[in-house]
Amino acid sequence: MTSTTSPDSQFRTAVVPAAGLGTRFLPATKTVPKELLPVVDTPGIELIAEEATEAGAGRLAIVTSERKVGVMAHFSEDQVLEDTLSDRGKDVLLHKVQRAPGLIEVVDVRQDEPLGLGHAVAQVESVLGDEEQAVAVLLPDDLVLPFGILGRMSQVRAERGGSVLCAFEVSPEEVSSYGVFEVTDTDDPAVKQVRGMVEKPAAEDAPSNLAAAGRYVLDRAIFDALRRIEPGAGGELQLTDAIDLLINEGHPVHVVVHDGTRHDLGNPGGYIKACVDFALDNPAYADELREWLGGRLDH
Ligand code: G1P
């Protein structure tokens with residue numbers, strides 16, 4: 001179990017909001033939390049835990065609701081299953097089931113009412129140590145590939161202070177699904193200073209085509225800001241609005257512009273792309289899938 005933070009990481013706790021109903025993925029998510037849907041054979045939340053661990057997090061604070069207890073169970077040891085696999089000599093499978101519980105310490109934080117992403121993140125303050133000056137937030141719908149963006153974001157916080165987010169470019173038709181940044185350039189072409197942030201703007205009101213990609217390194221000041229915001233887009237307490245409040249009060253906020261891949265695991269279309277992407281990189285499935293896809297696309 002890891003409990004230390006790597007020297008360059010700016011955070012010990014990585015927050016994963018996972019209390020949502022997963023409505024875009026019904027009926028599958030009626031009984032299966034969307035965070036447990038497998039990307040090939042590994043639940044999305046395990047990939048998120050792996051990314052957080054690689055970025056130096058020492059523990060994962062998973063925000064769940066009563067309906068989502070299965071998400072935590074994935075990080076518990078299952079002695080009966082492990083013994084059975086071990087007795088049968090299934091070492092590869094044994095290693096796979098032992099992986100999640102061994103990756104990182106996890107803590108269950110409850111969000112009893114679905115009041116929005118800002119409200120979910122706010123619940124984590126109570127489990128932070130006094131010495132923790134920043135937290136990472138990883139939205140489990142977003143797979144940001146290749147891993148490593150959080151490390152880069154930590155570096156930017158170390159250099160420039162404040163809070164650092166991840167941005168990616170979207171088309172004008174897509175801006176209304178995201179938090180969108182108003183930015184100015186810095187001396188680094190991949191890093192922009194954020195002058196404002198707006199949640200799910202209409203295309204004509206969007207300050208840019210740079211959208212928030214679900215990765216945040218947030219100064220602890222965010223918790224104070226979260227106490228001061230009112231319900232925003234969709235009637236929910238928005239993390240975006242707390243970040244915008246901090247910007248207005250002079251808190252430095254930057255984005256690292258991501259130039260890799262991003263998959264949206266929260267809806268079937270994005271999820272299928274992620275599965276195909278991962279399967280094409282997996283020698284166990286790649287050749288057969290490529291051949292089948294080639295034939296399928298010809299018809
Ligand atoms: C959330 C955030 C939004 C961000 C998006 C990334 O929105 O509120 O700012 O751009 O995740 O996936 P949601 O997709 O939960 O509506």
# chains A, B, ... in the order shown; residues from 1 in each chain; ligands from 1
>>> residues_around(residues="Lys273 of chain A", least_positions_apart="2", cutoff="12 Å", atoms="only C-alpha atoms", output="ChimeraX atom specification")
/A:39-40,143,261-271,275-280
>>> select_by_dssp(residues="segment 15-125 of chain A", states="helix (DSSP H, G or I)", output="PyMOL selection string")
chain A and resi 23-25+28-30+34-36+44-54+66-73+79-87+91-103+117-125
>>> closest_atom_pairs(of="segment 108-149 of chain A", to="segment 240-260 of chain A", cutoff="12 Å", atoms="only C-alpha atoms", output="tab-separated table")
residue	atom	partner	partner_atom	distance
A:Gly116	CA	A:Thr240	CA	10.8
A:Leu117	CA	A:Thr240	CA	8.8
A:Gly118	CA	A:Ala242	CA	7.5
A:His119	CA	A:Ala242	CA	10.4
A:Val121	CA	A:Ala242	CA	10.8
A:Ala122	CA	A:Ala242	CA	10.4
A:Leu143	CA	A:Gly260	CA	10.5
A:Val144	CA	A:Gly260	CA	7.4
A:Leu145	CA	A:Gly260	CA	5.8
A:Pro146	CA	A:Gly260	CA	6.6
A:Phe147	CA	A:Gly260	CA	9.4
A:Gly148	CA	A:His258	CA	10.2
A:Ile149	CA	A:His258	CA	7.4
>>> residues_near_ligand(ligand="ligand 1", cutoff="9 Å", atoms="only C-alpha atoms and all ligand atoms", output="PyMOL selection string")
chain A and resi 20+116-118+139-142+167+175+177-180+197-200+211-215+233+238-240+264+266
>>> closest_residue(among="A:Glu46, A:Ala14, A:Leu36, A:Leu26", to="Arg59 of chain A", atoms="only C-alpha atoms")
A:Ala14
>>> residues_around(residues="Met72 of chain A", least_positions_apart="6", cutoff="9 Å", atoms="only C-alpha atoms", output="ChimeraX atom specification")
/A:62,64,106-108
>>> write_last_selection(atoms="all heavy atoms", output="compact mmCIF listing (two decimals), in the first residue's frame")
# COMPACT_ATOMS: atom_id res chain seq x y z
N ILE A 62 -12.50 8.53 -2.87
CA ILE A 62 -13.56 8.27 -3.85
C ILE A 62 -14.88 8.75 -3.25
O ILE A 62 -15.28 8.33 -2.17
CB ILE A 62 -13.64 6.77 -4.20
CG1 ILE A 62 -12.26 6.26 -4.66
CG2 ILE A 62 -14.68 6.54 -5.29
CD1 ILE A 62 -12.25 4.80 -5.06
N THR A 64 -18.60 8.68 -3.14
CA THR A 64 -19.64 7.75 -3.58
C THR A 64 -20.97 8.10 -2.92
O THR A 64 -21.03 8.94 -2.03
CB THR A 64 -19.30 6.30 -3.19
OG1 THR A 64 -19.26 6.22 -1.77
CG2 THR A 64 -17.99 5.83 -3.78
N VAL A 106 -7.34 3.69 -0.37
CA VAL A 106 -8.56 4.39 -0.79
C VAL A 106 -9.39 4.78 0.42
O VAL A 106 -9.42 4.06 1.42
CB VAL A 106 -9.44 3.55 -1.75
CG1 VAL A 106 -8.83 3.44 -3.13
CG2 VAL A 106 -9.74 2.18 -1.19
N VAL A 107 -10.06 5.91 0.33
CA VAL A 107 -10.94 6.33 1.41
C VAL A 107 -12.29 6.69 0.79
O VAL A 107 -12.36 7.29 -0.29
CB VAL A 107 -10.31 7.48 2.25
CG1 VAL A 107 -9.77 8.56 1.37
CG2 VAL A 107 -11.29 8.05 3.24
N ASP A 108 -13.35 6.22 1.45
CA ASP A 108 -14.72 6.42 0.95
C ASP A 108 -15.26 7.72 1.55
O ASP A 108 -15.32 7.87 2.77
CB ASP A 108 -15.55 5.22 1.43
CG ASP A 108 -16.96 5.21 0.85
OD1 ASP A 108 -17.27 6.07 0.00
OD2 ASP A 108 -17.74 4.33 1.24
>>> residues_around(residues="Lys34 of chain A", least_positions_apart="5", cutoff="8 Å", atoms="only C-alpha atoms", output="list in words")
Gly22, Phe25, Ala28, Thr29 and Gly266 of chain A
>>> write_last_selection(atoms="N, CA and C atoms", output="CSV table (one decimal), in the first residue's frame")
chain,number,residue,atom,x,y,z
A,22,GLY,N,-25.0,8.1,-13.5
A,22,GLY,CA,-24.7,7.5,-14.8
A,22,GLY,C,-25.8,7.4,-15.7
A,25,PHE,N,-25.7,6.3,-19.4
A,25,PHE,CA,-25.4,4.9,-19.7
A,25,PHE,C,-26.4,3.9,-19.2
A,28,ALA,N,-27.5,0.0,-18.4
A,28,ALA,CA,-26.4,-0.7,-17.8
A,28,ALA,C,-26.1,-0.2,-16.3
A,29,THR,N,-26.3,1.1,-16.1
A,29,THR,CA,-25.9,1.7,-14.9
A,29,THR,C,-27.0,1.6,-13.8
A,266,GLY,N,-18.2,8.2,-20.1
A,266,GLY,CA,-19.5,8.4,-19.5
A,266,GLY,C,-20.7,8.2,-20.4
>>> atom_distance(atom1="atom CA of Arg290 of chain A", atom2="atom CA of Phe168 of chain A")
28.1 Å
>>> atom_distance(atom1="atom CA of Val97 of chain A", atom2="atom CA of Lys68 of chain A")
19.7 Å
>>> closest_residue(among="A:Pro207, A:His299, A:Val194, A:Gln123", to="Phe223 of chain A", atoms="only C-alpha atoms")
A:Gln123
>>> decode(residues="segment 107-230 of chain A", atoms="C-alpha atoms", output="short mmCIF file (atom, residue, chain, number, x, y, z; two decimals), in the first residue's frame")
data_model
loop_
_atom_site.label_atom_id
_atom_site.label_comp_id
_atom_site.auth_asym_id
_atom_site.auth_seq_id
_atom_site.Cartn_x
_atom_site.Cartn_y
_atom_site.Cartn_z
CA VAL A 107 -10.94 6.33 1.41
CA ASP A 108 -14.72 6.42 0.95
CA VAL A 109 -16.24 9.89 1.15
CA ARG A 110 -20.03 10.11 1.03
CA GLN A 111 -22.07 12.58 -0.94
CA ASP A 112 -25.60 12.06 0.29
CA GLU A 113 -27.33 14.44 -2.09
CA PRO A 114 -26.58 14.86 -5.82
CA LEU A 115 -25.96 18.62 -5.67
CA GLY A 116 -23.21 18.78 -8.31
CA LEU A 117 -19.49 18.30 -8.90
CA GLY A 118 -18.55 21.26 -6.70
CA HIS A 119 -20.55 19.77 -3.82
CA ALA A 120 -18.92 16.35 -4.37
CA VAL A 121 -15.40 17.81 -4.18
CA ALA A 122 -16.32 19.89 -1.11
CA GLN A 123 -17.05 16.70 0.87
CA VAL A 124 -13.37 15.72 0.74
CA GLU A 125 -12.10 18.61 2.88
CA SER A 126 -13.01 16.71 6.06
CA VAL A 127 -10.55 13.89 5.31
CA LEU A 128 -7.55 16.07 4.39
CA GLY A 129 -4.56 16.43 6.69
CA ASP A 130 -3.66 19.95 7.87
CA GLU A 131 -0.44 19.80 5.85
CA GLU A 132 -2.17 19.12 2.52
CA GLN A 133 -1.98 22.36 0.56
CA ALA A 134 -3.48 21.04 -2.69
CA VAL A 135 -5.52 18.13 -4.02
CA ALA A 136 -5.82 16.51 -7.42
CA VAL A 137 -9.26 15.84 -8.88
CA LEU A 138 -9.71 13.19 -11.57
CA LEU A 139 -13.13 12.86 -13.18
CA PRO A 140 -13.55 9.17 -13.94
CA ASP A 141 -15.54 9.83 -17.13
CA ASP A 142 -12.42 11.28 -18.70
CA LEU A 143 -9.53 9.11 -19.82
CA VAL A 144 -6.66 11.45 -20.64
CA LEU A 145 -3.95 9.58 -22.51
CA PRO A 146 -1.10 8.93 -22.35
CA PHE A 147 -0.83 9.19 -18.55
CA GLY A 148 1.46 11.94 -17.32
CA ILE A 149 -0.62 15.11 -17.60
CA LEU A 150 -1.03 15.36 -13.80
CA GLY A 151 2.74 15.27 -13.35
CA ARG A 152 3.07 18.13 -15.83
CA MET A 153 0.30 20.04 -14.00
CA SER A 154 2.13 19.56 -10.67
CA GLN A 155 5.25 21.02 -12.27
CA VAL A 156 3.31 24.08 -13.44
CA ARG A 157 1.91 24.61 -9.92
CA ALA A 158 5.43 24.32 -8.51
CA GLU A 159 6.62 27.01 -10.97
CA ARG A 160 3.64 29.36 -11.05
CA GLY A 161 1.66 28.61 -7.86
CA GLY A 162 -2.12 28.48 -7.55
CA SER A 163 -4.22 25.90 -9.34
CA VAL A 164 -3.65 24.09 -12.63
CA LEU A 165 -6.16 22.41 -14.92
CA CYS A 166 -6.00 20.44 -18.14
CA ALA A 167 -7.48 21.86 -21.33
CA PHE A 168 -8.21 20.27 -24.68
CA GLU A 169 -9.55 21.71 -27.91
CA VAL A 170 -13.17 21.09 -28.83
CA SER A 171 -15.33 22.12 -31.79
CA PRO A 172 -17.85 24.99 -31.45
CA GLU A 173 -20.69 22.42 -31.38
CA GLU A 174 -19.13 20.74 -28.34
CA VAL A 175 -18.36 23.71 -26.07
CA SER A 176 -21.78 23.63 -24.40
CA SER A 177 -20.94 20.24 -22.83
CA TYR A 178 -17.88 21.49 -20.94
CA GLY A 179 -16.27 24.00 -18.66
CA VAL A 180 -14.64 26.51 -21.03
CA PHE A 181 -11.60 28.73 -20.41
CA GLU A 182 -10.84 32.32 -21.24
CA VAL A 183 -7.04 32.36 -21.55
CA THR A 184 -3.99 34.45 -22.33
CA ASP A 185 -0.63 33.14 -23.51
CA THR A 186 2.41 32.56 -21.31
CA ASP A 187 6.05 32.11 -22.35
CA ASP A 188 5.28 28.39 -22.70
CA PRO A 189 3.02 27.59 -25.70
CA ALA A 190 1.48 24.59 -23.87
CA VAL A 191 0.62 26.60 -20.75
CA LYS A 192 -2.03 29.35 -20.72
CA GLN A 193 -3.09 31.63 -17.93
CA VAL A 194 -6.81 31.39 -17.20
CA ARG A 195 -8.64 34.73 -16.94
CA GLY A 196 -12.09 33.23 -16.49
CA MET A 197 -13.97 29.96 -16.68
CA VAL A 198 -17.60 29.27 -17.56
CA GLU A 199 -19.57 26.04 -17.23
CA LYS A 200 -21.44 24.77 -20.30
CA PRO A 201 -21.76 28.06 -22.22
CA ALA A 202 -23.83 28.40 -25.38
CA ALA A 203 -21.55 28.27 -28.44
CA GLU A 204 -21.98 32.02 -29.06
CA ASP A 205 -20.98 32.88 -25.47
CA ALA A 206 -17.94 30.57 -25.23
CA PRO A 207 -14.73 32.52 -24.53
CA SER A 208 -12.59 29.97 -26.45
CA ASN A 209 -12.59 26.41 -27.74
CA LEU A 210 -10.44 25.22 -24.82
CA ALA A 211 -12.46 22.92 -22.55
CA ALA A 212 -11.72 21.39 -19.16
CA ALA A 213 -10.68 17.76 -19.49
CA GLY A 214 -11.47 16.46 -16.02
CA ARG A 215 -8.02 16.78 -14.44
CA TYR A 216 -7.39 19.41 -11.76
CA VAL A 217 -4.59 20.26 -9.33
CA LEU A 218 -6.40 22.59 -6.95
CA ASP A 219 -5.02 24.72 -4.21
CA ARG A 220 -6.69 24.15 -0.86
CA ALA A 221 -8.30 27.59 -1.28
CA ILE A 222 -10.88 25.81 -3.48
CA PHE A 223 -12.72 24.55 -0.40
CA ASP A 224 -13.32 28.05 0.88
CA ALA A 225 -14.52 29.10 -2.60
CA LEU A 226 -16.85 26.10 -2.78
CA ARG A 227 -18.58 27.31 0.39
CA ARG A 228 -19.29 30.65 -1.28
CA ILE A 229 -20.80 29.67 -4.64
CA GLU A 230 -24.46 29.48 -5.58
#
